$ cat work_21.txt   # compact mmCIF, C-alpha atoms and all ligand atoms
# COMPACT_ATOMS: atom_id res chain seq x y z
CA MET A 1 -9.36 -0.58 22.84
CA VAL A 2 -6.49 0.26 20.55
CA ASN A 3 -3.24 0.91 22.39
CA LEU A 4 -2.02 4.18 20.97
CA SER A 5 0.52 5.12 23.60
CA LEU A 6 3.64 6.43 21.91
CA THR A 7 5.56 7.78 24.83
CA GLN A 8 5.98 4.22 26.10
CA ALA A 9 7.73 3.47 22.83
CA GLY A 10 9.93 6.51 23.26
CA VAL A 11 8.40 8.49 20.42
CA SER A 12 7.93 12.18 20.98
CA HIS A 13 9.60 14.16 18.24
CA ARG A 14 7.28 17.06 17.50
CA SER A 15 9.26 19.82 19.14
CA SER A 16 12.72 18.89 17.93
CA HIS A 17 12.46 17.88 14.29
CA ARG A 18 12.96 21.27 12.69
CA ALA A 19 15.85 22.36 14.89
CA SER A 20 18.25 20.13 12.96
CA ALA A 21 18.04 17.47 10.29
CA ARG A 22 17.51 14.02 11.71
CA ARG A 23 19.66 11.17 10.47
CA THR A 24 17.61 8.03 10.38
CA ARG A 25 19.72 4.97 11.08
CA TYR A 26 18.93 1.97 8.87
CA ILE A 27 19.57 -1.56 10.13
CA SER A 28 19.88 -4.68 7.97
CA ASP A 29 21.73 -6.82 10.52
CA ILE A 30 19.20 -8.44 12.80
CA ASP A 31 21.90 -8.90 15.47
CA LYS A 32 21.71 -5.13 15.94
CA VAL A 33 18.09 -5.50 17.08
CA THR A 34 19.11 -6.58 20.54
CA GLN A 35 15.57 -6.43 21.91
CA ILE A 36 15.05 -9.78 20.14
CA PRO A 37 16.60 -12.60 22.20
CA ALA A 38 19.81 -14.00 20.64
CA ALA A 39 18.37 -17.51 20.15
CA GLU A 40 15.39 -16.11 18.27
CA ARG A 41 17.64 -13.94 16.10
CA THR A 42 19.60 -17.03 15.10
CA LYS A 43 16.41 -18.78 13.97
CA LEU A 44 15.22 -15.74 12.05
CA LYS A 45 18.41 -15.58 10.00
CA LYS A 46 17.05 -18.45 7.88
CA VAL A 47 14.06 -16.25 7.01
CA ILE A 48 16.23 -13.25 6.21
CA GLU A 49 18.37 -15.31 3.85
CA ARG A 50 15.22 -15.73 1.75
CA TYR A 51 13.34 -12.45 2.29
CA ALA A 52 15.22 -9.21 2.82
CA PHE A 53 15.24 -7.51 6.20
CA ARG A 54 15.63 -3.80 6.88
CA VAL A 55 14.34 -1.55 9.62
CA ASN A 56 15.24 1.85 11.01
CA ASP A 57 15.69 3.26 14.46
CA TYR A 58 12.62 5.52 14.36
CA TYR A 59 10.26 2.75 13.33
CA LEU A 60 11.74 0.25 15.80
CA GLY A 61 11.00 2.89 18.44
CA LEU A 62 7.26 2.43 17.81
CA ILE A 63 7.36 -1.18 19.05
CA ASP A 64 6.13 -2.04 22.52
CA TRP A 65 8.70 -4.75 23.29
CA ASN A 66 6.64 -5.97 26.25
CA ASP A 67 3.91 -7.09 23.87
CA PRO A 68 4.85 -10.17 21.80
CA ALA A 69 1.82 -9.51 19.57
CA ASP A 70 2.68 -5.84 19.05
CA PRO A 71 1.32 -4.84 15.60
CA ILE A 72 4.37 -2.80 14.57
CA ARG A 73 6.55 -5.77 15.49
CA GLN A 74 4.37 -8.05 13.32
CA LEU A 75 4.66 -5.60 10.47
CA ILE A 76 8.40 -5.27 10.42
CA LEU A 77 10.14 -8.18 12.14
CA PRO A 78 10.47 -11.54 10.39
CA ARG A 79 8.70 -14.69 11.52
CA GLU A 80 9.72 -18.29 10.94
CA GLU A 81 6.28 -19.06 9.47
CA GLU A 82 7.23 -16.99 6.43
CA LEU A 83 9.08 -20.06 5.18
CA SER A 84 5.86 -22.08 4.89
CA GLY A 85 6.06 -22.29 1.08
CA TRP A 86 2.62 -20.73 0.50
CA GLY A 87 1.90 -18.43 -2.43
CA ARG A 88 3.79 -17.16 -5.48
CA LEU A 89 6.45 -14.51 -5.73
CA ASP A 90 4.55 -12.56 -8.40
CA ALA A 91 1.00 -13.25 -7.25
CA SER A 92 -0.65 -10.72 -9.58
CA ASN A 93 1.50 -11.64 -12.57
CA GLU A 94 2.96 -8.15 -12.90
CA GLN A 95 5.44 -9.64 -15.35
CA ALA A 96 2.56 -9.86 -17.87
CA VAL A 97 2.10 -6.07 -17.95
CA THR A 98 5.80 -5.24 -17.95
CA VAL A 99 6.58 -3.46 -21.22
CA ALA A 100 10.21 -2.56 -20.45
CA ARG A 101 12.47 -2.94 -17.46
CA GLY A 102 10.84 -1.08 -14.57
CA VAL A 103 7.79 -0.11 -16.64
CA GLN A 104 4.35 -1.68 -16.12
CA HIS A 105 1.45 -0.64 -18.34
CA LYS A 106 -1.34 -1.88 -16.15
CA TYR A 107 -4.47 -0.14 -17.41
CA PRO A 108 -4.88 1.88 -20.62
CA GLN A 109 -4.47 5.21 -18.78
CA THR A 110 -2.00 4.09 -16.11
CA VAL A 111 1.71 3.32 -16.21
CA LEU A 112 3.83 2.33 -13.22
CA LEU A 113 7.51 3.27 -13.05
CA LEU A 114 9.36 0.94 -10.69
CA CYS A 115 12.18 3.33 -10.08
CA ASN A 116 13.73 2.14 -6.83
CA GLU A 117 14.33 -1.23 -5.20
CA VAL A 118 14.88 -0.06 -1.65
CA CYS A 119 12.38 0.89 1.05
CA GLY A 120 12.68 2.73 4.36
CA ALA A 121 12.11 -0.66 5.96
CA TYR A 122 10.76 -3.89 4.52
CA CYS A 123 7.18 -4.80 5.37
CA ARG A 124 7.01 -8.51 6.02
CA TYR A 125 3.76 -8.85 4.05
CA CYS A 126 5.10 -7.03 0.97
CA PHE A 127 3.67 -8.32 -2.31
CA ARG A 128 6.75 -7.10 -4.21
CA LYS A 129 9.35 -8.77 -2.00
CA ARG A 130 10.77 -10.38 -5.13
CA LEU A 131 12.20 -6.97 -6.05
CA PHE A 132 14.48 -7.06 -3.02
CA MET A 133 15.99 -10.41 -3.95
CA ASN A 134 19.45 -10.43 -5.48
CA GLU A 135 18.49 -12.26 -8.63
CA ASN A 136 15.66 -9.84 -9.48
CA HIS A 137 16.14 -7.26 -12.23
CA GLU A 138 12.65 -5.80 -12.64
CA VAL A 139 13.55 -2.38 -11.26
CA THR A 140 15.74 0.20 -12.91
CA ASN A 141 17.05 3.51 -11.68
CA ASP A 142 17.26 4.62 -15.28
CA VAL A 143 13.71 5.65 -16.16
CA SER A 144 14.53 6.97 -19.63
CA GLN A 145 12.89 3.99 -21.36
CA GLY A 146 9.80 4.43 -19.22
CA LEU A 147 9.61 8.14 -19.98
CA ALA A 148 9.96 7.47 -23.71
CA TYR A 149 7.21 4.84 -23.52
CA ILE A 150 4.87 7.23 -21.71
CA ALA A 151 5.60 10.04 -24.19
CA GLU A 152 4.68 7.69 -27.07
CA HIS A 153 1.33 6.70 -25.49
CA PRO A 154 -1.07 9.67 -25.34
CA ASP A 155 -3.69 7.55 -23.52
CA VAL A 156 -1.44 7.45 -20.47
CA THR A 157 -2.71 10.22 -18.21
CA ASN A 158 -1.68 8.66 -14.87
CA VAL A 159 1.84 7.73 -13.83
CA LEU A 160 2.60 6.00 -10.55
CA LEU A 161 6.12 6.19 -9.18
CA THR A 162 6.63 3.06 -7.15
CA GLY A 163 9.15 0.34 -6.43
CA GLY A 164 10.45 -0.08 -3.69
CA ASP A 165 9.98 3.40 -2.40
CA PRO A 166 10.53 6.33 -4.78
CA LEU A 167 11.03 8.76 -1.89
CA LEU A 168 14.18 6.89 -0.93
CA MET A 169 15.80 8.07 -4.14
CA SER A 170 17.98 11.15 -4.07
CA THR A 171 16.17 14.46 -4.29
CA ARG A 172 17.99 15.19 -7.54
CA ARG A 173 16.63 12.04 -9.16
CA ILE A 174 13.08 12.58 -7.91
CA ILE A 175 13.10 16.13 -9.26
CA GLY A 176 14.50 14.91 -12.58
CA ILE A 177 11.63 12.43 -12.96
CA LEU A 178 8.94 14.97 -11.97
CA GLU A 179 10.39 17.50 -14.40
CA ALA A 180 10.48 14.96 -17.24
CA LEU A 181 6.91 13.81 -16.57
CA ARG A 182 5.60 17.37 -16.47
CA ALA A 183 7.19 17.92 -19.88
CA ILE A 184 4.83 15.25 -21.30
CA PRO A 185 1.57 17.13 -21.94
CA HIS A 186 -0.82 14.15 -21.61
CA VAL A 187 0.43 13.13 -18.15
CA GLN A 188 -2.09 14.73 -15.82
CA ILE A 189 -1.76 12.89 -12.51
CA ILE A 190 1.53 11.84 -10.97
CA ARG A 191 1.19 9.50 -8.01
CA ILE A 192 3.98 8.77 -5.58
CA GLY A 193 3.41 5.47 -3.77
CA SER A 194 5.39 5.68 -0.55
CA LYS A 195 5.59 4.35 2.97
CA MET A 196 8.27 6.91 3.90
CA PRO A 197 5.69 9.10 5.67
CA ALA A 198 5.29 6.15 8.05
CA PHE A 199 8.88 4.86 8.09
CA ASP A 200 10.74 8.17 8.07
CA PRO A 201 8.61 11.32 8.19
CA TRP A 202 11.74 13.51 8.14
CA ARG A 203 12.36 12.57 4.51
CA LEU A 204 10.26 15.50 3.35
CA LEU A 205 10.33 17.66 6.48
CA ASP A 206 14.11 18.03 6.29
CA ASP A 207 14.31 18.59 2.53
CA ALA A 208 13.45 22.13 1.43
CA GLU A 209 14.53 21.36 -2.14
CA LEU A 210 12.07 18.50 -2.48
CA GLN A 211 9.33 20.64 -0.93
CA ARG A 212 10.01 23.32 -3.56
CA ALA A 213 9.84 20.75 -6.34
CA LEU A 214 6.48 19.44 -5.10
CA ARG A 215 5.13 23.00 -5.09
CA GLN A 216 6.43 23.50 -8.60
CA TYR A 217 5.16 20.28 -10.15
CA SER A 218 1.87 19.82 -8.28
CA THR A 219 -0.11 22.54 -10.02
CA PRO A 220 -3.75 23.60 -9.74
CA ARG A 221 -4.60 21.70 -12.91
CA GLN A 222 -2.17 18.79 -12.63
CA ARG A 223 -1.75 17.51 -9.13
CA ILE A 224 0.74 15.18 -7.55
CA TYR A 225 -0.88 12.62 -5.27
CA LEU A 226 0.83 10.89 -2.39
CA MET A 227 -0.45 7.34 -2.05
CA ALA A 228 0.55 7.00 1.59
CA HIS A 229 0.76 3.65 3.31
CA PHE A 230 -0.22 3.71 6.96
CA ASP A 231 -1.36 0.35 8.29
CA HIS A 232 -1.98 1.02 11.96
CA PRO A 233 -2.93 4.09 14.06
CA ARG A 234 0.28 3.67 16.09
CA GLU A 235 2.16 4.89 12.99
CA LEU A 236 0.35 8.22 13.18
CA THR A 237 2.86 9.87 15.51
CA ASP A 238 3.08 13.63 15.87
CA ILE A 239 5.99 13.71 13.47
CA ALA A 240 4.16 11.54 10.92
CA ILE A 241 1.21 13.96 11.09
CA ASP A 242 3.66 16.85 10.55
CA GLY A 243 5.05 14.95 7.58
CA ILE A 244 1.65 14.61 5.91
CA ASP A 245 0.94 18.26 6.69
CA CYS A 246 4.17 19.12 4.84
CA PHE A 247 3.00 17.26 1.72
CA ILE A 248 -0.37 19.03 1.86
CA ARG A 249 1.17 22.48 2.39
CA ASN A 250 3.36 21.88 -0.63
CA GLY A 251 0.39 21.18 -2.88
CA VAL A 252 0.24 17.38 -2.76
CA ILE A 253 -3.11 15.59 -2.39
CA CYS A 254 -2.76 12.81 0.17
CA VAL A 255 -4.69 9.55 0.31
CA ASN A 256 -3.92 6.27 2.05
CA GLN A 257 -3.94 2.69 0.86
CA CYS A 258 -2.96 -0.37 2.83
CA PRO A 259 -3.55 -4.08 2.87
CA LEU A 260 -5.52 -5.95 5.49
CA ILE A 261 -2.86 -7.74 7.53
CA LYS A 262 -3.37 -10.43 10.13
CA GLY A 263 -2.09 -9.31 13.50
CA VAL A 264 -1.68 -5.71 12.37
CA ASN A 265 -5.00 -4.22 11.32
CA ASP A 266 -7.51 -7.10 11.00
CA ASP A 267 -9.55 -5.60 13.78
CA VAL A 268 -12.54 -3.28 13.58
CA ASP A 269 -11.34 -0.90 16.33
CA VAL A 270 -7.84 -0.63 14.88
CA LEU A 271 -8.91 -0.06 11.29
CA SER A 272 -11.71 2.28 12.22
CA THR A 273 -9.38 4.37 14.40
CA LEU A 274 -6.82 4.44 11.59
CA TYR A 275 -9.40 5.60 9.05
CA GLN A 276 -10.87 8.26 11.29
CA ARG A 277 -7.49 9.73 12.19
CA LEU A 278 -6.36 9.67 8.57
CA ALA A 279 -9.49 11.61 7.63
CA HIS A 280 -8.83 14.14 10.41
CA MET A 281 -5.32 14.81 9.10
CA GLY A 282 -6.35 15.13 5.44
CA CYS A 283 -5.12 11.78 4.14
CA THR A 284 -8.37 9.97 3.45
CA PRO A 285 -8.57 6.19 3.04
CA TYR A 286 -8.58 5.12 -0.62
CA TYR A 287 -8.10 1.36 -0.91
CA LEU A 288 -8.07 -1.44 1.60
CA PHE A 289 -6.36 -4.26 -0.25
CA GLN A 290 -6.98 -7.93 0.16
CA GLY A 291 -3.47 -9.33 0.63
CA ARG A 292 -2.11 -10.98 -2.49
CA PRO A 293 -1.19 -14.65 -2.04
CA THR A 294 2.50 -13.82 -2.17
CA GLU A 295 5.18 -16.30 -1.20
CA GLY A 296 6.19 -15.78 2.42
CA ASN A 297 2.95 -14.02 3.35
CA GLU A 298 0.96 -16.87 4.86
CA PRO A 299 1.26 -15.58 8.45
CA TYR A 300 -0.35 -12.31 7.38
CA LYS A 301 -3.28 -13.61 5.33
CA VAL A 302 -6.91 -12.80 6.10
CA PRO A 303 -9.68 -14.66 4.21
CA ILE A 304 -11.87 -12.55 1.89
CA VAL A 305 -15.07 -13.13 3.88
CA ARG A 306 -13.41 -12.18 7.17
CA GLY A 307 -11.94 -9.11 5.50
CA TRP A 308 -15.33 -8.10 4.19
CA GLU A 309 -16.89 -8.52 7.66
CA ILE A 310 -14.23 -6.25 9.18
CA PHE A 311 -14.46 -3.72 6.38
CA THR A 312 -18.26 -3.54 6.48
CA GLU A 313 -18.22 -2.90 10.21
CA VAL A 314 -15.50 -0.24 9.83
CA MET A 315 -17.65 1.47 7.21
CA ARG A 316 -20.28 2.06 9.89
CA HIS A 317 -18.02 4.33 11.94
CA GLY A 318 -16.79 7.90 11.58
CA SER A 319 -17.54 10.61 9.07
CA GLY A 320 -18.12 9.93 5.39
CA LEU A 321 -14.55 11.05 4.75
CA ALA A 322 -13.27 8.19 6.93
CA ARG A 323 -15.41 5.78 4.89
CA ARG A 324 -14.18 6.47 1.38
CA ALA A 325 -12.15 3.29 1.06
CA ARG A 326 -12.96 0.39 -1.23
CA PHE A 327 -12.08 -3.16 -0.28
CA ALA A 328 -10.43 -4.64 -3.35
CA MET A 329 -8.18 -7.33 -4.75
CA SER A 330 -5.43 -6.18 -7.08
CA HIS A 331 -5.82 -9.22 -9.32
CA GLU A 332 -3.91 -9.76 -12.54
CA THR A 333 -7.14 -9.06 -14.48
CA GLY A 334 -7.94 -5.81 -12.67
CA LYS A 335 -8.95 -4.23 -9.40
CA ILE A 336 -11.83 -6.27 -8.10
CA GLU A 337 -13.97 -4.77 -5.39
CA VAL A 338 -15.60 -7.02 -2.80
CA VAL A 339 -19.07 -5.48 -2.71
CA ALA A 340 -21.12 -7.91 -0.63
CA VAL A 341 -21.26 -11.32 1.00
CA ASP A 342 -24.38 -13.25 1.99
CA ASP A 343 -24.96 -16.78 3.30
CA GLN A 344 -24.25 -18.35 -0.06
CA HIS A 345 -22.39 -15.91 -2.25
CA ILE A 346 -19.56 -13.43 -2.57
CA TYR A 347 -20.32 -10.51 -4.91
CA LEU A 348 -17.42 -8.89 -6.70
CA ARG A 349 -17.17 -6.06 -9.19
CA TYR A 350 -14.42 -4.91 -11.51
CA HIS A 351 -13.61 -1.41 -10.38
CA GLN A 352 -10.72 -1.31 -12.82
CA ALA A 353 -9.92 -3.85 -15.52
CA LYS A 354 -7.21 -4.58 -18.01
CA ASP A 355 -10.02 -5.29 -20.46
CA PRO A 356 -12.04 -2.04 -20.46
CA ALA A 357 -15.19 -4.01 -21.36
CA LYS A 358 -15.07 -5.64 -17.94
CA ARG A 359 -15.08 -2.36 -16.01
CA GLY A 360 -18.12 -2.29 -13.70
CA GLN A 361 -18.91 -5.96 -14.33
CA LEU A 362 -20.55 -7.69 -11.38
CA MET A 363 -19.63 -11.30 -10.60
CA THR A 364 -21.10 -13.82 -8.21
CA TYR A 365 -19.07 -16.59 -6.57
CA GLN A 366 -19.93 -19.31 -4.11
CA ARG A 367 -19.18 -18.28 -0.56
CA ASP A 368 -15.98 -19.81 0.75
CA ASP A 369 -14.90 -18.63 4.18
CA GLU A 370 -11.33 -19.89 3.76
CA ALA A 371 -10.59 -18.40 0.33
CA CYS A 372 -8.06 -15.59 0.22
CA TRP A 373 -7.99 -14.81 -3.51
CA LEU A 374 -10.22 -14.75 -6.57
CA ASP A 375 -8.54 -17.82 -8.06
CA GLU A 376 -9.63 -19.89 -5.05
CA LEU A 377 -13.31 -19.07 -5.57
CA THR A 378 -15.88 -21.05 -7.59
CA PRO A 379 -18.22 -19.13 -9.88
CA ALA A 380 -21.84 -19.33 -8.71
CA GLY A 381 -22.98 -20.35 -12.20
CA GLY A 382 -21.48 -20.25 -15.64
CA ASN A 383 -18.35 -18.09 -15.47
CA GLY A 384 -19.55 -16.17 -12.43
CA VAL A 385 -20.64 -13.11 -14.38
CA ALA A 386 -23.94 -11.90 -12.96
CA ASP A 387 -26.69 -11.81 -15.63
CA SER A 388 -28.62 -8.76 -14.71
CA ALA A 389 -26.50 -6.15 -13.05
CA VAL A 390 -23.65 -4.01 -14.18
CA LEU A 391 -23.27 -1.62 -11.29
CA PRO A 392 -22.09 1.95 -11.71
CA THR A 393 -18.32 2.29 -11.47
CA SER A 394 -18.31 5.76 -10.00
CA GLY A 395 -19.62 5.16 -6.52
CA GLY A 396 -18.73 3.26 -3.41
CA VAL A 397 -20.69 1.74 -0.61
CA ASP A 398 -23.73 3.95 -1.20
CA ASP A 399 -24.12 2.63 -4.71
CA ILE A 400 -23.94 -0.89 -3.44
CA ASN A 401 -26.78 -0.25 -1.03
CA GLU A 402 -28.78 1.41 -3.76
CA ALA A 403 -28.31 -1.62 -5.96
CA HIS A 404 -30.06 -3.71 -3.26
CA LEU A 405 -27.44 -6.33 -3.11
CA PRO A 406 -27.88 -8.82 -0.30
CA LEU A 407 -25.99 -7.44 2.66
S1 LIG A 501 6.98 -0.04 1.61
FE1 LIG A 501 5.75 -1.05 0.02
S2 LIG A 501 7.23 -1.89 -1.44
FE2 LIG A 501 8.36 -1.40 0.45
S3 LIG A 501 8.36 -3.28 1.66
FE3 LIG A 501 6.58 -2.10 2.32
S4 LIG A 501 4.87 -2.86 1.04
FE4 LIG A 501 6.81 -3.50 0.06

$ encode --input "work_21.txt" --output "structure tokens" --more "lines below"
Ligand code: SF4
Amino acid sequence: MVNLSLTQAGVSHRSSHRASARRTRYISDIDKVTQIPAAERTKLKKVIERYAFRVNDYYLGLIDWNDPADPIRQLILPREEELSGWGRLDASNEQAVTVARGVQHKYPQTVLLLCNEVCGAYCRYCFRKRLFMNENHEVTNDVSQGLAYIAEHPDVTNVLLTGGDPLLMSTRRIIGILEALRAIPHVQIIRIGSKMPAFDPWRLLDDAELQRALRQYSTPRQRIYLMAHFDHPRELTDIAIDGIDCFIRNGVICVNQCPLIKGVNDDVDVLSTLYQRLAHMGCTPYYLFQGRPTEGNEPYKVPIVRGWEIFTEVMRHGSGLARRARFAMSHETGKIEVVAVDDQHIYLRYHQAKDPAKRGQLMTYQRDDEACWLDELTPAGGNGVADSAVLPTSGGVDDINEAHLPL
């Protein structure tokens, strides 16, 4: 069973959070995390020299320090194995879709603004860890170029604020960006990709000005979406649930996307509990991502076939609203959904593609139980494109069953 006890981790904030603003304490010096033995801290400093480290007191409070395999610990505290040399820093070649500093034009209708290079804490499995390195200059706080680019491209109807974590910017800056985007008539959907609801739920709860701005700019015809990032049910504390409630009450549609992470949520009970609770609180699962083969992420990798087995089993539990996720790879060519696996093959489908002609295309690859990414797979014949079937792009698991794919 999933261990969901929070009181043991000293987390019970529901009654006190509105009485006064909470000051979250951020920690970048691992020597301040005294629950880690000194000798271990010394070893981990080598890892931190390469990949940034940052936590906060609230999130550290979720860790059960008596459990060496604690999932929150795995998520947030460095491990020596990160130095294994596996993977690439930009595993999905985001550089190729970068049209200006901090601006990625990923799909015809979607632009990403990388507007902040700091997060409430740093997830060890992060696929954008390069952004937190000193020599990286892909992010800019000045989004004027990005806004001009979006204004000049009427096809862009979706804008994702990302980074880093946009909700760690000042309220003034966030409001400035929302206001500027709403002044561009063709921008319909604004998404805010953020793990702050998990790392620091007070960010919105304590900020009446930001709440007002969300109410103003998330309108009946043009909504703001929060792309929340909860990885484990232990993150769904009372205060985190209050935080999501605050987004919803201020007009924001909430959904959740997270990667499949070894030692954190690569378990049917854990993921199923997470999805069901997210559905209960109005933040339905959207994507489960196959982890990108990012440098430093080897300890957190889960092979595609294993991921599909877990995902398929999770999709058998809970209400339909808890089963709205797709299991997908965010590959440099598009979002590729893993739709089925049989004894011999892995079946994939472009849910989203840089090349619009590929959207909905079904592909068949030879089954490989060790492979973690598309580039490691061998096409089943020719280039892997299935001859007969182009499946509908609009549906999820039900469509797959209807298409009679081998399951
Ligand atoms: S919150 Fe997102 S961008 Fe920030 S460290 Fe975690 S995965 Fe990376």

$ residues_around --input "work_21.txt" --residues "Arg323 (chain A)" --least-positions-apart "4" --cutoff "10 Å" --atoms "all atoms listed in the file" --output "list in words"
Ser272, Tyr275, Gln276, Ala279, Thr284, Pro285, Tyr286, Phe311, Thr312, Val314, Met315, Arg316, His317, Gly318, Ser319, Gly396 and Val397 of chain A

$ closest_residue --input "work_21.txt" --among "A:Leu348, A:Ile174, A:Ala52, A:Val33" --to "ligand LIG 501 (chain A)" --atoms "only C-alpha atoms and all ligand atoms"
A:Ala52

$ closest_residue --input "work_21.txt" --among "A:Ala213, A:Val103, A:Met227, A:Met196" --to "ligand LIG 501 (chain A)" --atoms "only C-alpha atoms and all ligand atoms"
A:Met196

$ closest_atom_pairs --input "work_21.txt" --of "chain A" --to "ligand LIG 501 (chain A)" --cutoff "10 Å" --atoms "only C-alpha atoms and all ligand atoms" --output "tab-separated table"
residue	atom	partner	partner_atom	distance
A:Ala52	CA	A:LIG501	S3	9.1
A:Phe53	CA	A:LIG501	S3	9.3
A:Arg54	CA	A:LIG501	S3	9.0
A:Leu75	CA	A:LIG501	FE3	9.1
A:Ile76	CA	A:LIG501	FE3	8.9
A:Leu114	CA	A:LIG501	S2	9.9
A:Asn116	CA	A:LIG501	S2	9.4
A:Glu117	CA	A:LIG501	S2	8.1
A:Val118	CA	A:LIG501	FE2	7.0
A:Cys119	CA	A:LIG501	FE2	4.7
A:Gly120	CA	A:LIG501	S1	6.9
A:Ala121	CA	A:LIG501	S3	6.3
A:Tyr122	CA	A:LIG501	S3	3.8
A:Cys123	CA	A:LIG501	FE3	4.1
A:Arg124	CA	A:LIG501	S3	6.9
A:Tyr125	CA	A:LIG501	S4	6.8
A:Cys126	CA	A:LIG501	FE4	4.0
A:Phe127	CA	A:LIG501	FE4	6.2
A:Arg128	CA	A:LIG501	FE4	5.6
A:Lys129	CA	A:LIG501	FE4	6.2
A:Arg130	CA	A:LIG501	FE4	9.5
A:Leu131	CA	A:LIG501	S2	8.5
A:Phe132	CA	A:LIG501	S3	8.6
A:Thr162	CA	A:LIG501	S2	7.6
A:Gly163	CA	A:LIG501	S2	5.8
A:Gly164	CA	A:LIG501	S2	4.3
A:Asp165	CA	A:LIG501	FE2	5.8
A:Pro166	CA	A:LIG501	S2	9.5
A:Gly193	CA	A:LIG501	FE1	7.9
A:Ser194	CA	A:LIG501	S1	6.3
A:Lys195	CA	A:LIG501	S1	4.8
A:Met196	CA	A:LIG501	S1	7.4
A:Ala198	CA	A:LIG501	S1	9.1
A:Phe199	CA	A:LIG501	S1	8.3
A:Ala228	CA	A:LIG501	S1	9.5
A:His229	CA	A:LIG501	S1	7.4
A:Phe230	CA	A:LIG501	S1	9.7
A:Cys258	CA	A:LIG501	S4	8.4
A:Pro259	CA	A:LIG501	S4	8.7

$ closest_atom_pairs --input "work_21.txt" --of "region 164-203 of chain A" --to "region 147-160 of chain A" --cutoff "12 Å" --atoms "all atoms listed in the file" --output "tab-separated table"
residue	atom	partner	partner_atom	distance
A:Asp165	CA	A:Leu160	CA	11.3
A:Pro166	CA	A:Leu160	CA	9.8
A:Gly176	CA	A:Leu147	CA	11.2
A:Ile177	CA	A:Leu147	CA	8.5
A:Leu178	CA	A:Val159	CA	10.3
A:Glu179	CA	A:Leu147	CA	10.9
A:Ala180	CA	A:Leu147	CA	7.4
A:Leu181	CA	A:Leu147	CA	7.1
A:Arg182	CA	A:Ala151	CA	10.6
A:Ala183	CA	A:Ala151	CA	9.1
A:Ile184	CA	A:Ala151	CA	6.0
A:Pro185	CA	A:Ala151	CA	8.5
A:His186	CA	A:Thr157	CA	5.5
A:Val187	CA	A:Thr157	CA	4.3
A:Gln188	CA	A:Thr157	CA	5.1
A:Ile189	CA	A:Asn158	CA	4.8
A:Ile190	CA	A:Val159	CA	5.0
A:Arg191	CA	A:Leu160	CA	4.5
A:Ile192	CA	A:Leu160	CA	5.9
A:Gly193	CA	A:Leu160	CA	6.8
A:Ser194	CA	A:Leu160	CA	10.4

$ closest_residue --input "work_21.txt" --among "A:Phe247, A:Tyr59, A:Trp308, A:Trp373" --to "Arg73 (chain A)" --atoms "all atoms listed in the file"
A:Tyr59

$ closest_residue --input "work_21.txt" --among "A:Asp67, A:Asp207, A:Glu337, A:Asp231" --to "Gly243 (chain A)" --atoms "only C-alpha atoms"
A:Asp207

$ residues_around --input "work_21.txt" --residues "Pro201 (chain A)" --least-positions-apart "2" --cutoff "9 Å" --atoms "only C-alpha atoms" --output "short mmCIF file (atom, residue, chain, number, x, y, z; two decimals) with C-alpha atoms, in the coordinates of the input"
data_model
loop_
_atom_site.label_atom_id
_atom_site.label_comp_id
_atom_site.auth_asym_id
_atom_site.auth_seq_id
_atom_site.Cartn_x
_atom_site.Cartn_y
_atom_site.Cartn_z
CA MET A 196 8.27 6.91 3.90
CA PRO A 197 5.69 9.10 5.67
CA ALA A 198 5.29 6.15 8.05
CA PHE A 199 8.88 4.86 8.09
CA ARG A 203 12.36 12.57 4.51
CA LEU A 204 10.26 15.50 3.35
CA LEU A 205 10.33 17.66 6.48
CA ASP A 206 14.11 18.03 6.29
CA ILE A 239 5.99 13.71 13.47
CA ALA A 240 4.16 11.54 10.92
CA ILE A 241 1.21 13.96 11.09
CA ASP A 242 3.66 16.85 10.55
CA GLY A 243 5.05 14.95 7.58
CA ILE A 244 1.65 14.61 5.91
#

$ closest_residue --input "work_21.txt" --among "A:Val255, A:Ile336, A:Met363, A:Ala371" --to "Val302 (chain A)" --atoms "all atoms listed in the file"
A:Ala371

$ residues_near_point --input "work_21.txt" --point "(-0.8, 24.0, 0.7)" --cutoff "12 Å" --atoms "only C-alpha atoms" --output "list in words"
Gln211, Arg212, Leu214, Arg215, Gln216, Ser218, Thr219, Pro220, Arg223, Ile244, Asp245, Cys246, Phe247, Ile248, Arg249, Asn250, Gly251, Val252, Ile253, Cys254 and Gly282 of chain A

$ closest_residue --input "work_21.txt" --among "A:Leu161, A:Glu209, A:Ala100, A:Thr110" --to "Glu138 (chain A)" --atoms "all atoms listed in the file"
A:Ala100

$ atom_distance --input "work_21.txt" --atom1 "CA of Pro71 (chain A)" --atom2 "CA of Lys262 (chain A)"
9.1 Å

$ decode --input "work_21.txt" --residues "region 86-90 of chain A" --atoms "N, CA and C atoms" --output "PDB file, in the first residue's frame"
ATOM      1  N   TRP A  86      25.348   9.204 -18.653  1.00  0.00           N
ATOM      2  CA  TRP A  86      24.282   8.763 -19.566  1.00  0.00           C
ATOM      3  C   TRP A  86      23.511   9.969 -20.103  1.00  0.00           C
ATOM      4  N   GLY A  87      23.047   9.884 -21.336  1.00  0.00           N
ATOM      5  CA  GLY A  87      22.108  10.882 -21.848  1.00  0.00           C
ATOM      6  C   GLY A  87      22.738  12.158 -22.376  1.00  0.00           C
ATOM      7  N   ARG A  88      21.873  13.054 -22.847  1.00  0.00           N
ATOM      8  CA  ARG A  88      22.290  14.346 -23.408  1.00  0.00           C
ATOM      9  C   ARG A  88      21.615  15.470 -22.637  1.00  0.00           C
ATOM     10  N   LEU A  89      22.264  16.615 -22.605  1.00  0.00           N
ATOM     11  CA  LEU A  89      21.667  17.719 -21.843  1.00  0.00           C
ATOM     12  C   LEU A  89      20.361  18.215 -22.468  1.00  0.00           C
ATOM     13  N   ASP A  90      20.316  18.242 -23.814  1.00  0.00           N
ATOM     14  CA  ASP A  90      19.087  18.695 -24.488  1.00  0.00           C
ATOM     15  C   ASP A  90      18.535  17.501 -25.267  1.00  0.00           C
TER      16      ASP A  90
END
